Amino acid sequence: MTTQFNFNNLNNLYAEAIASDDKTLIFEAQIGKGRFLFMMFLSEEDKDSKDKLFIYMRNINLIRPIKVYGNHSRGQFEVYIKDDLKESMIKELQLNSSTGSFNFIEFLQQLNSKIPQSINRNNKIIELRKNKDLISELGVVDEADKTVLKCEMRLPESKKPQDKTLRKLYVYTDGNVEDIAELIQLLKKFNMTVAWTTKDKKNNTSNVKGLLGKLNN
């Protein structure tokens, strides 16, 4: 049996994420003992994940993608929750099975009501960094194995900097959020991107402040 539900309270956060330079929606909702991390990645480059809502359940250490249907700009975030996901979500709550009946729709309504209507950008970046290992697994950043900032790189006119590469600045560096936002703006202005390397090759690496100073000059 499949449960249909509209997470319509995602509407404002979705619009906020679309307007952001990281094109990311991320927040955690807590119900009782259950901790549910919601994530969406909304760049045009996120073809495989753009209309997917990723839900990570911390207690049971399980992440599941759900296809989201409907016109999102009109508050339609229709999902179809199959029995296996339903069981996982109930398990995440760590309920005592002997205490009364459980209404799954009421639980989803409660979860929907926990969705914030806005997220402070600094808080969002803290959440992204806290969950960077999860994000690496989802394939929503370019070359997820390369997490050490190396240098800036000019692109040919036929190419544009990719959000999936630039959002790594928020996830994998400890740069100031305002500095990163300014750096991304400059990279796009000069049609440049950033190159990354692996942790075992830390020679000739850079940081957000260094790149920002170089581009401003």
# chains A, B, ... in the order shown; residues from 1 in each chain; ligands from 1
>>> closest_atom_pairs(of="segment 77-141 of chain A", to="segment 67-71 of chain A", cutoff="6 Å", atoms="only C-alpha atoms", output="tab-separated table")
residue	atom	partner	partner_atom	distance
A:Phe77	CA	A:Val68	CA	5.6
A:Glu78	CA	A:Tyr69	CA	4.9
A:Val79	CA	A:Val68	CA	5.2
>>> write_last_selection(atoms="all heavy atoms", output="PDB file, in the first residue's frame")
ATOM      1  N   PHE A  77       3.936  19.499  -3.538  1.00  0.00           N
ATOM      2  CA  PHE A  77       5.100  18.645  -3.283  1.00  0.00           C
ATOM      3  C   PHE A  77       4.586  17.250  -2.931  1.00  0.00           C
ATOM      4  O   PHE A  77       4.738  16.767  -1.811  1.00  0.00           O
ATOM      5  CB  PHE A  77       5.958  19.223  -2.141  1.00  0.00           C
ATOM      6  CG  PHE A  77       6.607  20.537  -2.485  1.00  0.00           C
ATOM      7  CD1 PHE A  77       5.928  21.732  -2.308  1.00  0.00           C
ATOM      8  CD2 PHE A  77       7.889  20.576  -3.006  1.00  0.00           C
ATOM      9  CE1 PHE A  77       6.517  22.944  -2.623  1.00  0.00           C
ATOM     10  CE2 PHE A  77       8.492  21.795  -3.333  1.00  0.00           C
ATOM     11  CZ  PHE A  77       7.797  22.979  -3.140  1.00  0.00           C
ATOM     12  N   GLU A  78       3.934  16.646  -3.908  1.00  0.00           N
ATOM     13  CA  GLU A  78       3.266  15.358  -3.709  1.00  0.00           C
ATOM     14  C   GLU A  78       4.285  14.222  -3.697  1.00  0.00           C
ATOM     15  O   GLU A  78       5.120  14.110  -4.595  1.00  0.00           O
ATOM     16  CB  GLU A  78       2.248  15.100  -4.826  1.00  0.00           C
ATOM     17  CG  GLU A  78       1.117  16.122  -4.907  1.00  0.00           C
ATOM     18  CD  GLU A  78       0.017  15.855  -3.894  1.00  0.00           C
ATOM     19  OE1 GLU A  78       0.057  14.791  -3.246  1.00  0.00           O
ATOM     20  OE2 GLU A  78      -0.885  16.701  -3.760  1.00  0.00           O
ATOM     21  N   VAL A  79       4.206  13.399  -2.663  1.00  0.00           N
ATOM     22  CA  VAL A  79       5.070  12.217  -2.583  1.00  0.00           C
ATOM     23  C   VAL A  79       4.203  10.980  -2.399  1.00  0.00           C
ATOM     24  O   VAL A  79       3.065  11.054  -1.923  1.00  0.00           O
ATOM     25  CB  VAL A  79       6.080  12.328  -1.417  1.00  0.00           C
ATOM     26  CG1 VAL A  79       7.003  13.515  -1.615  1.00  0.00           C
ATOM     27  CG2 VAL A  79       5.373  12.427  -0.072  1.00  0.00           C
TER      28      VAL A  79
END
>>> residues_around(residues="Asn216 of chain A", least_positions_apart="3", cutoff="9 Å", atoms="only C-alpha atoms", output="JSON, numbers by chain")
{"A": [183, 186, 211, 212, 213]}
>>> residues_around(residues="Pro156 of chain A", least_positions_apart="4", cutoff="10 Å", atoms="only C-alpha atoms", output="ChimeraX atom specification")
/A:160,191-192
>>> atom_distance(atom1="atom CA of Leu13 of chain A", atom2="atom CA of Leu25 of chain A")
6.8 Å
>>> closest_residue(among="A:Leu215, A:Met1, A:Ile115, A:Ala19", to="Lys86 of chain A", atoms="only C-alpha atoms")
A:Met1
>>> residues_around(residues="Gly32 of chain A", least_positions_apart="2", cutoff="8 Å", atoms="only C-alpha atoms", output="PyMOL selection string")
chain A and resi 30+34+93
>>> decode(residues="segment 158-170 of chain A", atoms="all heavy atoms", output="PDB file, in the first residue's frame")
ATOM      1  N   SER A 158      32.760  28.484 -24.167  1.00  0.00           N
ATOM      2  CA  SER A 158      31.686  27.511 -24.416  1.00  0.00           C
ATOM      3  C   SER A 158      31.167  26.856 -23.132  1.00  0.00           C
ATOM      4  O   SER A 158      30.180  26.131 -23.149  1.00  0.00           O
ATOM      5  CB  SER A 158      32.180  26.421 -25.366  1.00  0.00           C
ATOM      6  OG  SER A 158      33.323  25.770 -24.808  1.00  0.00           O
ATOM      7  N   LYS A 159      31.845  27.108 -21.997  1.00  0.00           N
ATOM      8  CA  LYS A 159      31.450  26.479 -20.734  1.00  0.00           C
ATOM      9  C   LYS A 159      31.130  27.533 -19.687  1.00  0.00           C
ATOM     10  O   LYS A 159      31.579  28.673 -19.758  1.00  0.00           O
ATOM     11  CB  LYS A 159      32.556  25.554 -20.216  1.00  0.00           C
ATOM     12  CG  LYS A 159      32.763  24.319 -21.060  1.00  0.00           C
ATOM     13  CD  LYS A 159      33.737  23.359 -20.385  1.00  0.00           C
ATOM     14  CE  LYS A 159      33.869  22.068 -21.173  1.00  0.00           C
ATOM     15  NZ  LYS A 159      34.778  21.106 -20.507  1.00  0.00           N
ATOM     16  N   LYS A 160      30.343  27.130 -18.709  1.00  0.00           N
ATOM     17  CA  LYS A 160      29.981  27.981 -17.585  1.00  0.00           C
ATOM     18  C   LYS A 160      30.312  27.249 -16.283  1.00  0.00           C
ATOM     19  O   LYS A 160      30.271  26.020 -16.229  1.00  0.00           O
ATOM     20  CB  LYS A 160      28.480  28.309 -17.615  1.00  0.00           C
ATOM     21  CG  LYS A 160      28.027  29.090 -18.844  1.00  0.00           C
ATOM     22  CD  LYS A 160      28.606  30.490 -18.838  1.00  0.00           C
ATOM     23  CE  LYS A 160      28.184  31.259 -20.090  1.00  0.00           C
ATOM     24  NZ  LYS A 160      28.878  32.567 -20.179  1.00  0.00           N
ATOM     25  N   PRO A 161      30.632  27.995 -15.208  1.00  0.00           N
ATOM     26  CA  PRO A 161      30.888  27.327 -13.926  1.00  0.00           C
ATOM     27  C   PRO A 161      29.655  26.587 -13.428  1.00  0.00           C
ATOM     28  O   PRO A 161      28.539  27.091 -13.551  1.00  0.00           O
ATOM     29  CB  PRO A 161      31.251  28.490 -12.987  1.00  0.00           C
ATOM     30  CG  PRO A 161      30.753  29.726 -13.657  1.00  0.00           C
ATOM     31  CD  PRO A 161      30.778  29.456 -15.120  1.00  0.00           C
ATOM     32  N   GLN A 162      29.851  25.397 -12.920  1.00  0.00           N
ATOM     33  CA  GLN A 162      28.739  24.546 -12.495  1.00  0.00           C
ATOM     34  C   GLN A 162      28.423  24.738 -11.007  1.00  0.00           C
ATOM     35  O   GLN A 162      29.312  24.795 -10.167  1.00  0.00           O
ATOM     36  CB  GLN A 162      29.080  23.078 -12.737  1.00  0.00           C
ATOM     37  CG  GLN A 162      29.114  22.683 -14.202  1.00  0.00           C
ATOM     38  CD  GLN A 162      28.972  21.176 -14.363  1.00  0.00           C
ATOM     39  OE1 GLN A 162      29.463  20.411 -13.548  1.00  0.00           O
ATOM     40  NE2 GLN A 162      28.304  20.755 -15.406  1.00  0.00           N
ATOM     41  N   ASP A 163      27.124  24.827 -10.720  1.00  0.00           N
ATOM     42  CA  ASP A 163      26.686  24.929  -9.324  1.00  0.00           C
ATOM     43  C   ASP A 163      27.172  23.732  -8.511  1.00  0.00           C
ATOM     44  O   ASP A 163      27.497  23.859  -7.329  1.00  0.00           O
ATOM     45  CB  ASP A 163      25.154  24.998  -9.242  1.00  0.00           C
ATOM     46  CG  ASP A 163      24.614  26.292  -9.847  1.00  0.00           C
ATOM     47  OD1 ASP A 163      25.276  27.338  -9.697  1.00  0.00           O
ATOM     48  OD2 ASP A 163      23.532  26.259 -10.457  1.00  0.00           O
ATOM     49  N   LYS A 164      27.218  22.559  -9.141  1.00  0.00           N
ATOM     50  CA  LYS A 164      27.626  21.337  -8.426  1.00  0.00           C
ATOM     51  C   LYS A 164      29.083  21.388  -7.994  1.00  0.00           C
ATOM     52  O   LYS A 164      29.490  20.700  -7.064  1.00  0.00           O
ATOM     53  CB  LYS A 164      27.391  20.095  -9.310  1.00  0.00           C
ATOM     54  CG  LYS A 164      25.930  19.742  -9.498  1.00  0.00           C
ATOM     55  CD  LYS A 164      25.740  18.517 -10.376  1.00  0.00           C
ATOM     56  CE  LYS A 164      26.060  17.250  -9.635  1.00  0.00           C
ATOM     57  NZ  LYS A 164      25.637  16.042 -10.375  1.00  0.00           N
ATOM     58  N   THR A 165      29.870  22.225  -8.694  1.00  0.00           N
ATOM     59  CA  THR A 165      31.270  22.420  -8.304  1.00  0.00           C
ATOM     60  C   THR A 165      31.392  23.544  -7.282  1.00  0.00           C
ATOM     61  O   THR A 165      32.081  23.415  -6.274  1.00  0.00           O
ATOM     62  CB  THR A 165      32.138  22.754  -9.533  1.00  0.00           C
ATOM     63  OG1 THR A 165      32.018  21.698 -10.498  1.00  0.00           O
ATOM     64  CG2 THR A 165      33.599  22.899  -9.156  1.00  0.00           C
ATOM     65  N   LEU A 166      30.694  24.654  -7.535  1.00  0.00           N
ATOM     66  CA  LEU A 166      30.805  25.826  -6.668  1.00  0.00           C
ATOM     67  C   LEU A 166      30.182  25.592  -5.292  1.00  0.00           C
ATOM     68  O   LEU A 166      30.664  26.135  -4.292  1.00  0.00           O
ATOM     69  CB  LEU A 166      30.162  27.041  -7.339  1.00  0.00           C
ATOM     70  CG  LEU A 166      30.795  27.476  -8.677  1.00  0.00           C
ATOM     71  CD1 LEU A 166      30.111  28.732  -9.212  1.00  0.00           C
ATOM     72  CD2 LEU A 166      32.294  27.714  -8.528  1.00  0.00           C
ATOM     73  N   ARG A 167      29.121  24.769  -5.205  1.00  0.00           N
ATOM     74  CA  ARG A 167      28.513  24.534  -3.884  1.00  0.00           C
ATOM     75  C   ARG A 167      29.464  23.787  -2.950  1.00  0.00           C
ATOM     76  O   ARG A 167      29.290  23.803  -1.742  1.00  0.00           O
ATOM     77  CB  ARG A 167      27.168  23.806  -4.005  1.00  0.00           C
ATOM     78  CG  ARG A 167      27.200  22.360  -4.370  1.00  0.00           C
ATOM     79  CD  ARG A 167      25.875  21.619  -4.041  1.00  0.00           C
ATOM     80  NE  ARG A 167      24.700  22.181  -4.642  1.00  0.00           N
ATOM     81  CZ  ARG A 167      23.937  21.568  -5.556  1.00  0.00           C
ATOM     82  NH1 ARG A 167      24.266  20.364  -5.990  1.00  0.00           N
ATOM     83  NH2 ARG A 167      22.859  22.146  -6.036  1.00  0.00           N
ATOM     84  N   LYS A 168      30.489  23.161  -3.535  1.00  0.00           N
ATOM     85  CA  LYS A 168      31.494  22.495  -2.703  1.00  0.00           C
ATOM     86  C   LYS A 168      32.234  23.494  -1.815  1.00  0.00           C
ATOM     87  O   LYS A 168      32.748  23.140  -0.758  1.00  0.00           O
ATOM     88  CB  LYS A 168      32.493  21.732  -3.591  1.00  0.00           C
ATOM     89  CG  LYS A 168      31.898  20.521  -4.287  1.00  0.00           C
ATOM     90  CD  LYS A 168      32.860  19.882  -5.277  1.00  0.00           C
ATOM     91  CE  LYS A 168      34.000  19.173  -4.594  1.00  0.00           C
ATOM     92  NZ  LYS A 168      34.786  18.357  -5.535  1.00  0.00           N
ATOM     93  N   LEU A 169      32.290  24.748  -2.242  1.00  0.00           N
ATOM     94  CA  LEU A 169      32.948  25.775  -1.426  1.00  0.00           C
ATOM     95  C   LEU A 169      32.246  25.915  -0.078  1.00  0.00           C
ATOM     96  O   LEU A 169      32.886  26.150   0.945  1.00  0.00           O
ATOM     97  CB  LEU A 169      32.954  27.118  -2.166  1.00  0.00           C
ATOM     98  CG  LEU A 169      33.894  27.214  -3.375  1.00  0.00           C
ATOM     99  CD1 LEU A 169      33.534  28.406  -4.242  1.00  0.00           C
ATOM    100  CD2 LEU A 169      35.341  27.301  -2.907  1.00  0.00           C
ATOM    101  N   TYR A 170      30.936  25.792  -0.088  1.00  0.00           N
ATOM    102  CA  TYR A 170      30.174  25.863   1.162  1.00  0.00           C
ATOM    103  C   TYR A 170      30.348  24.592   1.990  1.00  0.00           C
ATOM    104  O   TYR A 170      30.454  24.639   3.210  1.00  0.00           O
ATOM    105  CB  TYR A 170      28.681  26.070   0.872  1.00  0.00           C
ATOM    106  CG  TYR A 170      28.327  27.456   0.417  1.00  0.00           C
ATOM    107  CD1 TYR A 170      27.829  27.683  -0.865  1.00  0.00           C
ATOM    108  CD2 TYR A 170      28.470  28.549   1.264  1.00  0.00           C
ATOM    109  CE1 TYR A 170      27.482  28.960  -1.285  1.00  0.00           C
ATOM    110  CE2 TYR A 170      28.136  29.833   0.844  1.00  0.00           C
ATOM    111  CZ  TYR A 170      27.640  30.029  -0.422  1.00  0.00           C
ATOM    112  OH  TYR A 170      27.313  31.295  -0.828  1.00  0.00           O
TER     113      TYR A 170
END
